[in-house]
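J.: I am attaching a structure below and will ask some questions about it afterwards.
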Amino acid sequence: MKRMLTCLAVASIAVAAVPDFAKSEILAMMNYESKPADSLKALKLTGAAERREGIAIIDVDPNTPAFGKILMDIPLPPDLVAHHIFYDREMKKAYITALGKPELHVFNLNNFPYRLKRIAVPKCVMGEDVVFSEDNRTWYLTCMNSGNVYVGETATDKITGIIDIPGTNPHGLVVLSDIDRLLVTSTITGDLKTPREDLVVIEASTHKVLGTLKMSNKESPSGVAPVEVLRVPGSDPAIVYTTNMFGAALWTAIWNPGTNGFEVAQAFDLAPVNGGVPLEIYFVDNGKTMYVTTANPGLFHVFDLSENPAKPKLIKSISTGQGAHHVGLTRDGRYGFVQNSFLNLPGMRDGSVSVVDLKTLKVVASMDTLKNMGLNPNCIVLLPQWNDLAGH
């Protein structure tokens, strides 16, 4: 931590002359890490230093002269393996999960320069997603390789409990307070060798595990690895989507008030449209439009849910870059910024950010700043004044 504070102090001095953020049109925050040696060789980048991690704030507006310029760079410990960045529902704080250390980091977005606070989560082997309750009072941290979920208080970031789910690999989570349920995806271990197939159903008020939902029609073990899970905004009864990472499909779990249970079904087969390794889900237009990324070969899919939110209609699949993963969406609906790198895996670590015009549904630019530095962005979010939470 002492080293981190020193690095932050250096970063603060380095960006002291950075103009007010309001003067830049669209700023994105990305945590990054070094590309592996074979990838650097392929890019003809030599003389790379030791492993590097950090958080970069970059102007991603393709219409400005500053497009691709790094305005702030915060170093992180090189062995943290910072994974994802999540905002609370008020977009006042940012949380960074880690795959390399049992710790969660948080910082206040209203305090500049940013100062990271470390939260120890000693029983969390690999921190994946941070998800917030609808009232923003509670956060949940899913932990792969340790089969548990940490529960914390958003106001103080005090840990209030741990939900143990033995035999699972928690990754995605959705809070359904109106029906007193949490759904947690059981996806895969960190070595990518034991993919699961279930959604775990938990009673939100008691943290009692109620059972599982199999997200596949194949014989068990199907190995489809459901990874992310998100509720269609405003759906009543609740409609929840999952991405089956190794199943190349979207599945739904729909609440049945009559049985007090969920009914699951495949909603869309992505295999015919070359949608390998589906990852993230986003909803805009009050749940009428859904965006989904697939990492192999790297596509940004646009779906229409206006007729039936449980029956998506594919509008277009847009080629971005290998490893299409997270997307930063502007509040005005103009742009989607697709971060193209997934876990530094071969064939899925391009390192670019594709700028998608959401009106014409075309890629209009590529932001290659980190890629050209031998770095991979692991996540992207726009700074709060531009960012659309998109159902998250």
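Chain labels follow the order of the structure tokens: the first chain is A, the next B, and so on; residue numbering restarts at 1 in every chain, and ligands are counted from 1 in their shown order.
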Can you tell me, as a ChimeraX atom specification, what residues are no more than 8 Å from Val209 (chain A) when counting only C-alpha atoms, ignoring any on the same chain fewer than 4 positions away?
T.: /A:165,200-203
J.: What lies within 6 Å of region 112-123 of chain A using only C-alpha atoms, ignoring chain neighbours under 4 positions off, as a PyMOL selection string?
T.: chain A and resi 12+102-107
J.: Taking only C-alpha atoms into account, which of A:Val175, A:Val381, A:Ala98, A:Ile26 comes nearest Asn136 (chain A)?
T.: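 Closest to Asn136 (chain A), using only C-alpha atoms: A:Val175.
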J.: Need the shell around region 288-298 of chain A: protein/DNA/RNA residues with any atom at most 7 Å away, counting only C-alpha atoms. Skip same-chain ones fewer than 3 positions apart. Format as a PyMOL selection string?
T.: chain A and resi 275-285+301-306+319-325+342+348
J.: Which residue out of A:Thr160, A:Leu99, A:Thr242, A:Arg89 has the minimum interatomic distance to Gly391 (chain A) when only C-alpha atoms are used?
T.: A:Arg89
J.: I'd like to know which of A:Leu230, A:Lys316, A:Asn108, A:His171 is closest to Thr156 (chain A), using only C-alpha atoms.
T.: A:Asn108
J.: Could you pull the residues within 10 Å of Lys93 (chain A), counting only C-alpha atoms, minus those fewer than 3 positions along the same chain, as a PDB file with N, CA and C atoms, in the first residue's frame?
T.:
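Output contents, as saved in result11.pdb:
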ATOM      1  N   PHE A  86     -16.169  -0.929 -11.422  1.00  0.00           N
ATOM      2  CA  PHE A  86     -17.621  -0.815 -11.266  1.00  0.00           C
ATOM      3  C   PHE A  86     -17.964   0.480 -10.544  1.00  0.00           C
ATOM      4  N   TYR A  87     -19.028   1.151 -11.007  1.00  0.00           N
ATOM      5  CA  TYR A  87     -19.556   2.323 -10.321  1.00  0.00           C
ATOM      6  C   TYR A  87     -20.718   1.920  -9.424  1.00  0.00           C
ATOM      7  N   ASP A  88     -20.851   2.628  -8.288  1.00  0.00           N
ATOM      8  CA  ASP A  88     -22.088   2.475  -7.544  1.00  0.00           C
ATOM      9  C   ASP A  88     -23.207   3.149  -8.337  1.00  0.00           C
ATOM     10  N   ARG A  89     -24.444   2.949  -7.924  1.00  0.00           N
ATOM     11  CA  ARG A  89     -25.579   3.421  -8.738  1.00  0.00           C
ATOM     12  C   ARG A  89     -25.662   4.948  -8.840  1.00  0.00           C
ATOM     13  N   GLU A  90     -25.029   5.648  -7.925  1.00  0.00           N
ATOM     14  CA  GLU A  90     -25.009   7.107  -7.990  1.00  0.00           C
ATOM     15  C   GLU A  90     -23.777   7.624  -8.723  1.00  0.00           C
ATOM     16  N   VAL A 106     -11.312   0.902  -3.757  1.00  0.00           N
ATOM     17  CA  VAL A 106     -12.402   1.837  -3.998  1.00  0.00           C
ATOM     18  C   VAL A 106     -11.854   3.256  -3.940  1.00  0.00           C
ATOM     19  N   PHE A 107     -12.414   4.137  -4.759  1.00  0.00           N
ATOM     20  CA  PHE A 107     -12.051   5.545  -4.644  1.00  0.00           C
ATOM     21  C   PHE A 107     -13.247   6.428  -4.953  1.00  0.00           C
ATOM     22  N   ASN A 108     -13.224   7.610  -4.369  1.00  0.00           N
ATOM     23  CA  ASN A 108     -14.293   8.596  -4.523  1.00  0.00           C
ATOM     24  C   ASN A 108     -14.070   9.371  -5.815  1.00  0.00           C
ATOM     25  N   LEU A 109     -15.067   9.363  -6.675  1.00  0.00           N
ATOM     26  CA  LEU A 109     -14.932  10.021  -7.975  1.00  0.00           C
ATOM     27  C   LEU A 109     -15.053  11.537  -7.877  1.00  0.00           C
ATOM     28  N   ASN A 110     -15.494  12.038  -6.723  1.00  0.00           N
ATOM     29  CA  ASN A 110     -15.626  13.485  -6.539  1.00  0.00           C
ATOM     30  C   ASN A 110     -14.378  14.111  -5.940  1.00  0.00           C
ATOM     31  N   ASN A 111     -13.422  13.285  -5.531  1.00  0.00           N
ATOM     32  CA  ASN A 111     -12.174  13.781  -4.948  1.00  0.00           C
ATOM     33  C   ASN A 111     -11.041  13.624  -5.945  1.00  0.00           C
ATOM     34  N   THR A 154     -22.419   0.155   1.197  1.00  0.00           N
ATOM     35  CA  THR A 154     -21.892   1.124   0.231  1.00  0.00           C
ATOM     36  C   THR A 154     -21.434   2.421   0.900  1.00  0.00           C
ATOM     37  N   ALA A 155     -22.164   2.885   1.893  1.00  0.00           N
ATOM     38  CA  ALA A 155     -21.840   4.168   2.521  1.00  0.00           C
ATOM     39  C   ALA A 155     -20.479   4.139   3.213  1.00  0.00           C
ATOM     40  N   PRO A 384     -18.322   9.707 -15.045  1.00  0.00           N
ATOM     41  CA  PRO A 384     -19.753   9.802 -14.752  1.00  0.00           C
ATOM     42  C   PRO A 384     -20.557  10.790 -15.593  1.00  0.00           C
TER      43      PRO A 384
END
J.: Name all residues at most 10 Å from Lys359 (chain A) (count only C-alpha atoms; drop same-chain ones fewer than 5 positions away) and give them as a list in words.
T.: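 Skipping anything fewer than 5 positions along the chain leaves Gly333, Arg334 and Tyr335 of chain A.
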